[in-house]
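See structure below.
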Amino acid sequence: EAQSQWLARPGATSTSAQDPAASGSTATLALIMELPSALAPCLESGCREPLAVETVDGLTTLVIVAHVGDSKAVLGSLSDGCALSSGGQSPVQVTLTSLTREHRPDDAEEAARVAASGAEVRHLKFGRTASRIHLPGRSQPSLALSRVLGDTAQGCFGVICEPEISSLAVRPGLDIVLLLSTDGFWEFCPLEEALQEMIQLGVSTELLEAKCVESRQQWARNSYNESCDDATAIAITLSKPRRS
């Protein structure tokens with residue numbers, strides 16, 4: 001059924017890797033809002049253990065993230081007991097909290113859902129974890145993501161556009177930076193290092209652009225044809241870091 005639906009789709013002329021209907025886009029969206037503090041604990045989704053959240057004027061900042069694909073949303077926080085020095089130059093310990101997971105067939109839960117739809121999940125090479133989604137008995141299309149926006153997100157072979165949603169209450173002075181980035185950015189940019197710089201130096205366009213350029217250069221150096229994936233990042237300061 002999955003195969004017949006795919007081949008019968010409007011405008012279908014090919015099942016090759018170049019078929020534009022066998023493509024899609026990832027997306028990560030973040031909503032940042034202030035709510036009465038009494039409501040915030042009820043809306044947290046379990047991205048981390050429940051924590052005591054300080055309030056500002058009876059309000060709590062809540063971060064809500066919806067995503068499909070393998071773009072990421074990561075929260076950069078000062079580790080408990082840490083604070084920036086007055087000059088901001090001394091290294092600080094940073095804790096990362098992921099608000100997303102990668103929607104790939106490598107994920108056991110996503111692979112089971114895709115297989116239940118009638119599609120096949122195949123490893124790229126024996127002994128490796130990287131996998132692709134295929135129609136039964138066919139080599140193309142070969143899809144790397146299990147949730148996307150686009151022509152493949154019709155659910156006919158397990159690829160859907162339904163987002164996962166997470167939420168987290170911000171701790172003022174500890175939860176400092178929210179970073180959203182494509183896989184082309186985080187594949188070659190250590191997120192902990194990037195967030196540590198943003199917490200110490202502050203979020204700036206110049207810093208983000210430098211990190212994106214560095215990621216693209218790393219992609220080109222590690223690609224057999226010197227191509228690079230899209231490297232895009234957005235960062236926002238959620239609260240001012242505590243200072244010693």
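By convention here, the chains of the structure tokens are called A, B, ... in the order presented, each chain's residues are numbered starting at 1, and ligands are numbered starting at 1 in the order presented.
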Point to revise | Residue contacts of stretch 109-123 of chain A (6 Å, only C-alpha atoms) excluding same-chain residues fewer than 2 positions away, as JSON, numbers by chain | key: {"A": [105, 107, 125, 130, 131, 132, 133, 134, 135, 136, 157, 158]}
Check your understanding: Near A:Val65, counting only C-alpha atoms, which residues have an atom at most 12 Å away, once you skip same-chain residues fewer than 2 positions from it, shown as a VMD selection string?
Key -> chain A and resid 27 to 33 44 to 45 47 62 to 63 67 to 68 71 to 75 98 to 101 163 to 169 178 to 180
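In this model, the gap between atom CA of A:Ser146 and atom CA of A:Glu102 comes to 9.0 Å.
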Review point. Atom CA of A:Ala231 and atom CA of A:Ile199 are how many Å apart?
Key: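 Separation of atom CA of A:Ala231 and atom CA of A:Ile199: 20.7 Å.
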Check your understanding: From the list A:Thr26, A:Ala220, A:Leu59, A:Arg104, which residue is nearest A:Leu39 when using only C-alpha atoms?
Key -> A:Leu59
Show me, as a PDB file with all heavy atoms, in the first residue's frame, the residues that have an atom within 10 Å of stretch 200-203 of chain A when counting only C-alpha atoms, minus same-chain residues fewer than 2 positions from it.
ATOM      1  N   LEU A  84      29.652  33.988  36.515  1.00  0.00           N
ATOM      2  CA  LEU A  84      30.671  34.680  35.729  1.00  0.00           C
ATOM      3  C   LEU A  84      31.493  35.580  36.621  1.00  0.00           C
ATOM      4  O   LEU A  84      30.964  36.204  37.544  1.00  0.00           O
ATOM      5  CB  LEU A  84      30.019  35.524  34.628  1.00  0.00           C
ATOM      6  CG  LEU A  84      29.451  34.812  33.402  1.00  0.00           C
ATOM      7  CD1 LEU A  84      28.980  35.849  32.399  1.00  0.00           C
ATOM      8  CD2 LEU A  84      30.462  33.895  32.765  1.00  0.00           C
ATOM      9  N   SER A  85      32.793  35.640  36.339  1.00  0.00           N
ATOM     10  CA  SER A  85      33.630  36.596  37.056  1.00  0.00           C
ATOM     11  C   SER A  85      33.274  37.998  36.605  1.00  0.00           C
ATOM     12  O   SER A  85      32.651  38.200  35.560  1.00  0.00           O
ATOM     13  CB  SER A  85      35.111  36.312  36.783  1.00  0.00           C
ATOM     14  OG  SER A  85      35.393  36.454  35.399  1.00  0.00           O
ATOM     15  N   GLY A  87      34.964  40.263  35.283  1.00  0.00           N
ATOM     16  CA  GLY A  87      35.505  40.600  33.968  1.00  0.00           C
ATOM     17  C   GLY A  87      34.983  39.708  32.855  1.00  0.00           C
ATOM     18  O   GLY A  87      35.117  40.030  31.675  1.00  0.00           O
ATOM     19  N   GLY A  88      34.378  38.559  33.249  1.00  0.00           N
ATOM     20  CA  GLY A  88      33.806  37.652  32.271  1.00  0.00           C
ATOM     21  C   GLY A  88      34.824  36.866  31.468  1.00  0.00           C
ATOM     22  O   GLY A  88      34.480  36.251  30.466  1.00  0.00           O
ATOM     23  N   GLN A  89      36.110  36.855  31.901  1.00  0.00           N
ATOM     24  CA  GLN A  89      37.143  36.199  31.108  1.00  0.00           C
ATOM     25  C   GLN A  89      37.462  34.789  31.594  1.00  0.00           C
ATOM     26  O   GLN A  89      37.954  33.973  30.825  1.00  0.00           O
ATOM     27  CB  GLN A  89      38.428  37.050  31.131  1.00  0.00           C
ATOM     28  CG  GLN A  89      38.240  38.452  30.551  1.00  0.00           C
ATOM     29  CD  GLN A  89      37.784  38.416  29.113  1.00  0.00           C
ATOM     30  OE1 GLN A  89      38.295  37.635  28.311  1.00  0.00           O
ATOM     31  NE2 GLN A  89      36.809  39.243  28.771  1.00  0.00           N
ATOM     32  N   SER A  90      37.218  34.496  32.873  1.00  0.00           N
ATOM     33  CA  SER A  90      37.546  33.175  33.402  1.00  0.00           C
ATOM     34  C   SER A  90      36.571  32.138  32.854  1.00  0.00           C
ATOM     35  O   SER A  90      35.367  32.404  32.756  1.00  0.00           O
ATOM     36  CB  SER A  90      37.473  33.187  34.932  1.00  0.00           C
ATOM     37  OG  SER A  90      38.379  34.138  35.455  1.00  0.00           O
ATOM     38  N   PRO A  91      37.082  30.950  32.478  1.00  0.00           N
ATOM     39  CA  PRO A  91      36.196  29.899  31.950  1.00  0.00           C
ATOM     40  C   PRO A  91      35.124  29.516  32.964  1.00  0.00           C
ATOM     41  O   PRO A  91      35.361  29.537  34.182  1.00  0.00           O
ATOM     42  CB  PRO A  91      37.156  28.734  31.690  1.00  0.00           C
ATOM     43  CG  PRO A  91      38.504  29.369  31.555  1.00  0.00           C
ATOM     44  CD  PRO A  91      38.491  30.541  32.487  1.00  0.00           C
ATOM     45  N   VAL A  92      33.955  29.184  32.488  1.00  0.00           N
ATOM     46  CA  VAL A  92      32.860  28.762  33.356  1.00  0.00           C
ATOM     47  C   VAL A  92      32.377  27.394  32.906  1.00  0.00           C
ATOM     48  O   VAL A  92      32.542  26.999  31.754  1.00  0.00           O
ATOM     49  CB  VAL A  92      31.680  29.767  33.318  1.00  0.00           C
ATOM     50  CG1 VAL A  92      32.089  31.093  33.918  1.00  0.00           C
ATOM     51  CG2 VAL A  92      31.159  29.944  31.895  1.00  0.00           C
ATOM     52  N   ILE A 176      20.817  30.677  30.432  1.00  0.00           N
ATOM     53  CA  ILE A 176      21.273  31.935  29.837  1.00  0.00           C
ATOM     54  C   ILE A 176      20.944  32.055  28.354  1.00  0.00           C
ATOM     55  O   ILE A 176      20.408  33.063  27.906  1.00  0.00           O
ATOM     56  CB  ILE A 176      22.802  32.111  30.025  1.00  0.00           C
ATOM     57  CG1 ILE A 176      23.188  31.841  31.492  1.00  0.00           C
ATOM     58  CG2 ILE A 176      23.231  33.498  29.595  1.00  0.00           C
ATOM     59  CD1 ILE A 176      22.495  32.729  32.496  1.00  0.00           C
ATOM     60  N   VAL A 177      21.274  31.035  27.548  1.00  0.00           N
ATOM     61  CA  VAL A 177      21.186  31.164  26.092  1.00  0.00           C
ATOM     62  C   VAL A 177      20.395  29.999  25.497  1.00  0.00           C
ATOM     63  O   VAL A 177      20.612  28.834  25.862  1.00  0.00           O
ATOM     64  CB  VAL A 177      22.589  31.204  25.446  1.00  0.00           C
ATOM     65  CG1 VAL A 177      22.480  31.214  23.921  1.00  0.00           C
ATOM     66  CG2 VAL A 177      23.361  32.438  25.910  1.00  0.00           C
ATOM     67  N   LEU A 178      19.490  30.323  24.576  1.00  0.00           N
ATOM     68  CA  LEU A 178      18.798  29.310  23.767  1.00  0.00           C
ATOM     69  C   LEU A 178      19.377  29.369  22.363  1.00  0.00           C
ATOM     70  O   LEU A 178      19.405  30.428  21.738  1.00  0.00           O
ATOM     71  CB  LEU A 178      17.293  29.585  23.723  1.00  0.00           C
ATOM     72  CG  LEU A 178      16.468  28.634  22.847  1.00  0.00           C
ATOM     73  CD1 LEU A 178      16.465  27.225  23.438  1.00  0.00           C
ATOM     74  CD2 LEU A 178      15.038  29.153  22.687  1.00  0.00           C
ATOM     75  N   LEU A 179      19.857  28.221  21.880  1.00  0.00           N
ATOM     76  CA  LEU A 179      20.475  28.129  20.553  1.00  0.00           C
ATOM     77  C   LEU A 179      19.684  27.176  19.683  1.00  0.00           C
ATOM     78  O   LEU A 179      19.463  26.023  20.047  1.00  0.00           O
ATOM     79  CB  LEU A 179      21.923  27.644  20.680  1.00  0.00           C
ATOM     80  CG  LEU A 179      22.684  27.363  19.377  1.00  0.00           C
ATOM     81  CD1 LEU A 179      22.864  28.641  18.569  1.00  0.00           C
ATOM     82  CD2 LEU A 179      24.037  26.711  19.671  1.00  0.00           C
ATOM     83  N   LEU A 195      28.168  27.555  23.173  1.00  0.00           N
ATOM     84  CA  LEU A 195      27.334  28.153  24.207  1.00  0.00           C
ATOM     85  C   LEU A 195      28.173  28.779  25.317  1.00  0.00           C
ATOM     86  O   LEU A 195      27.799  29.805  25.888  1.00  0.00           O
ATOM     87  CB  LEU A 195      26.382  27.099  24.781  1.00  0.00           C
ATOM     88  CG  LEU A 195      25.208  26.751  23.853  1.00  0.00           C
ATOM     89  CD1 LEU A 195      24.514  25.485  24.309  1.00  0.00           C
ATOM     90  CD2 LEU A 195      24.215  27.900  23.794  1.00  0.00           C
ATOM     91  N   GLN A 196      29.310  28.159  25.613  1.00  0.00           N
ATOM     92  CA  GLN A 196      30.202  28.742  26.622  1.00  0.00           C
ATOM     93  C   GLN A 196      30.677  30.129  26.181  1.00  0.00           C
ATOM     94  O   GLN A 196      30.687  31.081  26.974  1.00  0.00           O
ATOM     95  CB  GLN A 196      31.391  27.826  26.867  1.00  0.00           C
ATOM     96  CG  GLN A 196      32.292  28.285  28.016  1.00  0.00           C
ATOM     97  CD  GLN A 196      33.379  27.270  28.310  1.00  0.00           C
ATOM     98  OE1 GLN A 196      34.089  26.842  27.405  1.00  0.00           O
ATOM     99  NE2 GLN A 196      33.527  26.884  29.558  1.00  0.00           N
ATOM    100  N   GLU A 197      31.034  30.258  24.902  1.00  0.00           N
ATOM    101  CA  GLU A 197      31.449  31.555  24.384  1.00  0.00           C
ATOM    102  C   GLU A 197      30.316  32.565  24.437  1.00  0.00           C
ATOM    103  O   GLU A 197      30.519  33.733  24.789  1.00  0.00           O
ATOM    104  CB  GLU A 197      31.962  31.412  22.944  1.00  0.00           C
ATOM    105  CG  GLU A 197      33.319  30.735  22.823  1.00  0.00           C
ATOM    106  CD  GLU A 197      33.848  30.796  21.410  1.00  0.00           C
ATOM    107  OE1 GLU A 197      33.826  31.892  20.812  1.00  0.00           O
ATOM    108  OE2 GLU A 197      34.264  29.742  20.889  1.00  0.00           O
ATOM    109  N   MET A 198      29.106  32.132  24.081  1.00  0.00           N
ATOM    110  CA  MET A 198      27.968  33.051  24.083  1.00  0.00           C
ATOM    111  C   MET A 198      27.618  33.519  25.487  1.00  0.00           C
ATOM    112  O   MET A 198      27.213  34.664  25.695  1.00  0.00           O
ATOM    113  CB  MET A 198      26.754  32.376  23.430  1.00  0.00           C
ATOM    114  CG  MET A 198      26.916  32.124  21.947  1.00  0.00           C
ATOM    115  SD  MET A 198      25.485  31.258  21.241  1.00  0.00           S
ATOM    116  CE  MET A 198      26.216  30.637  19.728  1.00  0.00           C
ATOM    117  N   THR A 205      25.674  38.861  16.541  1.00  0.00           N
ATOM    118  CA  THR A 205      25.638  38.417  15.146  1.00  0.00           C
ATOM    119  C   THR A 205      27.023  37.995  14.690  1.00  0.00           C
ATOM    120  O   THR A 205      27.183  36.989  13.979  1.00  0.00           O
ATOM    121  CB  THR A 205      25.109  39.540  14.247  1.00  0.00           C
ATOM    122  OG1 THR A 205      23.784  39.889  14.669  1.00  0.00           O
ATOM    123  CG2 THR A 205      25.069  39.099  12.792  1.00  0.00           C
ATOM    124  N   GLU A 206      28.039  38.751  15.097  1.00  0.00           N
ATOM    125  CA  GLU A 206      29.419  38.454  14.679  1.00  0.00           C
ATOM    126  C   GLU A 206      29.864  37.077  15.152  1.00  0.00           C
ATOM    127  O   GLU A 206      30.476  36.319  14.390  1.00  0.00           O
ATOM    128  CB  GLU A 206      30.375  39.530  15.206  1.00  0.00           C
ATOM    129  CG  GLU A 206      30.197  40.906  14.594  1.00  0.00           C
ATOM    130  CD  GLU A 206      28.966  41.633  15.118  1.00  0.00           C
ATOM    131  OE1 GLU A 206      28.444  41.241  16.189  1.00  0.00           O
ATOM    132  OE2 GLU A 206      28.522  42.592  14.446  1.00  0.00           O
ATOM    133  N   LEU A 207      29.542  36.745  16.405  1.00  0.00           N
ATOM    134  CA  LEU A 207      29.943  35.456  16.947  1.00  0.00           C
ATOM    135  C   LEU A 207      29.227  34.315  16.228  1.00  0.00           C
ATOM    136  O   LEU A 207      29.839  33.308  15.859  1.00  0.00           O
ATOM    137  CB  LEU A 207      29.655  35.402  18.448  1.00  0.00           C
ATOM    138  CG  LEU A 207      29.979  34.089  19.172  1.00  0.00           C
ATOM    139  CD1 LEU A 207      31.434  33.691  18.962  1.00  0.00           C
ATOM    140  CD2 LEU A 207      29.659  34.219  20.658  1.00  0.00           C
ATOM    141  N   LEU A 208      27.914  34.474  15.993  1.00  0.00           N
ATOM    142  CA  LEU A 208      27.162  33.431  15.301  1.00  0.00           C
ATOM    143  C   LEU A 208      27.652  33.243  13.872  1.00  0.00           C
ATOM    144  O   LEU A 208      27.787  32.118  13.389  1.00  0.00           O
ATOM    145  CB  LEU A 208      25.674  33.772  15.294  1.00  0.00           C
ATOM    146  CG  LEU A 208      24.882  33.426  16.554  1.00  0.00           C
ATOM    147  CD1 LEU A 208      23.447  33.917  16.415  1.00  0.00           C
ATOM    148  CD2 LEU A 208      24.895  31.932  16.827  1.00  0.00           C
ATOM    149  N   ILE A 234      20.431  30.451  15.240  1.00  0.00           N
ATOM    150  CA  ILE A 234      19.767  31.585  15.890  1.00  0.00           C
ATOM    151  C   ILE A 234      19.969  31.419  17.394  1.00  0.00           C
ATOM    152  O   ILE A 234      19.802  30.323  17.935  1.00  0.00           O
ATOM    153  CB  ILE A 234      18.258  31.617  15.570  1.00  0.00           C
ATOM    154  CG1 ILE A 234      18.026  31.724  14.061  1.00  0.00           C
ATOM    155  CG2 ILE A 234      17.570  32.760  16.299  1.00  0.00           C
ATOM    156  CD1 ILE A 234      16.555  31.585  13.672  1.00  0.00           C
ATOM    157  N   ALA A 235      20.338  32.503  18.060  1.00  0.00           N
ATOM    158  CA  ALA A 235      20.533  32.449  19.508  1.00  0.00           C
ATOM    159  C   ALA A 235      19.859  33.638  20.161  1.00  0.00           C
ATOM    160  O   ALA A 235      19.775  34.726  19.581  1.00  0.00           O
ATOM    161  CB  ALA A 235      22.019  32.428  19.852  1.00  0.00           C
ATOM    162  N   ILE A 236      19.379  33.430  21.378  1.00  0.00           N
ATOM    163  CA  ILE A 236      18.749  34.499  22.134  1.00  0.00           C
ATOM    164  C   ILE A 236      19.146  34.380  23.605  1.00  0.00           C
ATOM    165  O   ILE A 236      19.287  33.272  24.129  1.00  0.00           O
ATOM    166  CB  ILE A 236      17.205  34.463  21.986  1.00  0.00           C
ATOM    167  CG1 ILE A 236      16.570  35.666  22.682  1.00  0.00           C
ATOM    168  CG2 ILE A 236      16.631  33.157  22.519  1.00  0.00           C
ATOM    169  CD1 ILE A 236      15.105  35.822  22.410  1.00  0.00           C
ATOM    170  N   THR A 237      19.372  35.513  24.228  1.00  0.00           N
ATOM    171  CA  THR A 237      19.683  35.544  25.655  1.00  0.00           C
ATOM    172  C   THR A 237      18.389  35.504  26.445  1.00  0.00           C
ATOM    173  O   THR A 237      17.512  36.351  26.267  1.00  0.00           O
ATOM    174  CB  THR A 237      20.473  36.815  26.014  1.00  0.00           C
ATOM    175  OG1 THR A 237      21.673  36.852  25.239  1.00  0.00           O
ATOM    176  CG2 THR A 237      20.837  36.825  27.484  1.00  0.00           C
ATOM    177  N   LYS A 240      20.194  37.279  32.268  1.00  0.00           N
ATOM    178  CA  LYS A 240      21.571  37.717  32.504  1.00  0.00           C
ATOM    179  C   LYS A 240      22.249  36.740  33.465  1.00  0.00           C
ATOM    180  O   LYS A 240      21.665  36.321  34.470  1.00  0.00           O
ATOM    181  CB  LYS A 240      21.576  39.122  33.120  1.00  0.00           C
ATOM    182  CG  LYS A 240      21.059  40.198  32.172  1.00  0.00           C
ATOM    183  CD  LYS A 240      21.129  41.559  32.836  1.00  0.00           C
ATOM    184  CE  LYS A 240      20.630  42.652  31.865  1.00  0.00           C
ATOM    185  NZ  LYS A 240      20.688  43.999  32.496  1.00  0.00           N
ATOM    186  N   PRO A 241      23.488  36.333  33.130  1.00  0.00           N
ATOM    187  CA  PRO A 241      24.165  35.357  34.007  1.00  0.00           C
ATOM    188  C   PRO A 241      24.521  35.929  35.365  1.00  0.00           C
ATOM    189  O   PRO A 241      24.773  37.131  35.493  1.00  0.00           O
ATOM    190  CB  PRO A 241      25.436  35.007  33.207  1.00  0.00           C
ATOM    191  CG  PRO A 241      25.659  36.191  32.318  1.00  0.00           C
ATOM    192  CD  PRO A 241      24.308  36.722  31.987  1.00  0.00           C
TER     193      PRO A 241
END
Practice item. Going by DSSP on the backbone, which bits of stretch 57-238 of chain A are alpha helix (DSSP H)? Write them as an NGL selection string, please. Key: :A and (108-116 or 183-186 or 191-201 or 205-222)
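Distance-wise, atom CA of A:Lys211 and atom CA of A:Ala83 end up 24.3 Å apart.
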Check your understanding: Where in stretch 11-226 of chain A does DSSP assign strand (DSSP E), given as JSON, numbers by chain?
Key -> {"A": [24, 25, 27, 28, 29, 30, 31, 32, 33, 34, 35, 36, 59, 60, 61, 62, 63, 64, 65, 66, 67, 68, 72, 73, 74, 75, 76, 77, 78, 94, 95, 96, 97, 98, 120, 121, 122, 123, 131, 132, 133, 134, 149, 150, 164, 165, 166, 167, 168, 169, 175, 176, 177, 178, 179, 180, 181]}
Can I get the selected residues back with C-alpha atoms, as a PDB file, in the first residue's frame?
ATOM      1  CA  GLY A  24      11.738  17.718   2.684  1.00  0.00           C
ATOM      2  CA  SER A  25      12.858  20.317   5.169  1.00  0.00           C
ATOM      3  CA  ALA A  27      12.132  22.946  11.148  1.00  0.00           C
ATOM      4  CA  THR A  28      12.618  24.023  14.755  1.00  0.00           C
ATOM      5  CA  LEU A  29      10.475  26.766  16.259  1.00  0.00           C
ATOM      6  CA  ALA A  30      10.706  28.319  19.725  1.00  0.00           C
ATOM      7  CA  LEU A  31       8.094  30.346  21.570  1.00  0.00           C
ATOM      8  CA  ILE A  32       9.307  32.317  24.577  1.00  0.00           C
ATOM      9  CA  MET A  33       6.641  33.704  26.861  1.00  0.00           C
ATOM     10  CA  GLU A  34       6.106  34.976  30.393  1.00  0.00           C
ATOM     11  CA  LEU A  35       3.429  33.305  32.488  1.00  0.00           C
ATOM     12  CA  PRO A  36       2.206  33.519  36.071  1.00  0.00           C
ATOM     13  CA  LEU A  59       6.262  35.734  36.372  1.00  0.00           C
ATOM     14  CA  THR A  60       8.232  32.807  34.948  1.00  0.00           C
ATOM     15  CA  THR A  61       9.714  32.642  31.450  1.00  0.00           C
ATOM     16  CA  LEU A  62       8.649  29.506  29.602  1.00  0.00           C
ATOM     17  CA  VAL A  63      10.373  28.180  26.459  1.00  0.00           C
ATOM     18  CA  ILE A  64       8.191  26.017  24.177  1.00  0.00           C
ATOM     19  CA  VAL A  65       9.874  24.239  21.248  1.00  0.00           C
ATOM     20  CA  ALA A  66       8.258  22.386  18.331  1.00  0.00           C
ATOM     21  CA  HIS A  67      10.414  20.546  15.798  1.00  0.00           C
ATOM     22  CA  VAL A  68      10.583  18.052  12.955  1.00  0.00           C
ATOM     23  CA  LYS A  72      18.287  21.287  17.247  1.00  0.00           C
ATOM     24  CA  ALA A  73      17.255  23.532  20.091  1.00  0.00           C
ATOM     25  CA  VAL A  74      19.705  23.539  23.001  1.00  0.00           C
ATOM     26  CA  LEU A  75      19.649  25.466  26.268  1.00  0.00           C
ATOM     27  CA  GLY A  76      22.977  26.687  27.662  1.00  0.00           C
ATOM     28  CA  SER A  77      23.060  27.120  31.440  1.00  0.00           C
ATOM     29  CA  LEU A  78      25.618  27.927  34.084  1.00  0.00           C
ATOM     30  CA  VAL A  94      28.239  25.118  31.170  1.00  0.00           C
ATOM     31  CA  THR A  95      25.392  22.599  31.185  1.00  0.00           C
ATOM     32  CA  LEU A  96      23.544  21.708  27.976  1.00  0.00           C
ATOM     33  CA  THR A  97      19.882  20.712  27.930  1.00  0.00           C
ATOM     34  CA  SER A  98      18.547  19.416  24.627  1.00  0.00           C
ATOM     35  CA  GLU A 120      11.850  -0.552   5.409  1.00  0.00           C
ATOM     36  CA  VAL A 121      14.650   0.813   7.577  1.00  0.00           C
ATOM     37  CA  ARG A 122      18.060  -0.231   6.244  1.00  0.00           C
ATOM     38  CA  HIS A 123      21.540   0.407   7.560  1.00  0.00           C
ATOM     39  CA  SER A 131      20.034   4.208   8.460  1.00  0.00           C
ATOM     40  CA  ARG A 132      17.720   5.207   5.609  1.00  0.00           C
ATOM     41  CA  ILE A 133      14.000   4.749   4.893  1.00  0.00           C
ATOM     42  CA  HIS A 134      13.063   2.811   1.732  1.00  0.00           C
ATOM     43  CA  LEU A 149       7.985  19.345   6.143  1.00  0.00           C
ATOM     44  CA  GLY A 150       7.501  18.714   2.439  1.00  0.00           C
ATOM     45  CA  GLU A 164       7.348  16.920  18.853  1.00  0.00           C
ATOM     46  CA  ILE A 165       6.789  19.636  21.440  1.00  0.00           C
ATOM     47  CA  SER A 166       8.788  20.286  24.591  1.00  0.00           C
ATOM     48  CA  SER A 167       8.741  23.036  27.181  1.00  0.00           C
ATOM     49  CA  LEU A 168      10.965  24.248  29.976  1.00  0.00           C
ATOM     50  CA  ALA A 169      10.806  26.975  32.631  1.00  0.00           C
ATOM     51  CA  ASP A 175      19.570  29.422  32.092  1.00  0.00           C
ATOM     52  CA  ILE A 176      21.273  31.935  29.837  1.00  0.00           C
ATOM     53  CA  VAL A 177      21.186  31.164  26.092  1.00  0.00           C
ATOM     54  CA  LEU A 178      18.798  29.310  23.767  1.00  0.00           C
ATOM     55  CA  LEU A 179      20.475  28.129  20.553  1.00  0.00           C
ATOM     56  CA  LEU A 180      18.578  26.848  17.495  1.00  0.00           C
ATOM     57  CA  SER A 181      20.673  25.378  14.689  1.00  0.00           C
TER      58      SER A 181
END
Check your understanding: Which residue out of A:Asn225, A:Ile160, A:Gly173, A:Leu191 has the minimum interatomic distance to A:Leu145 when only C-alpha atoms are used?
Key -> A:Ile160
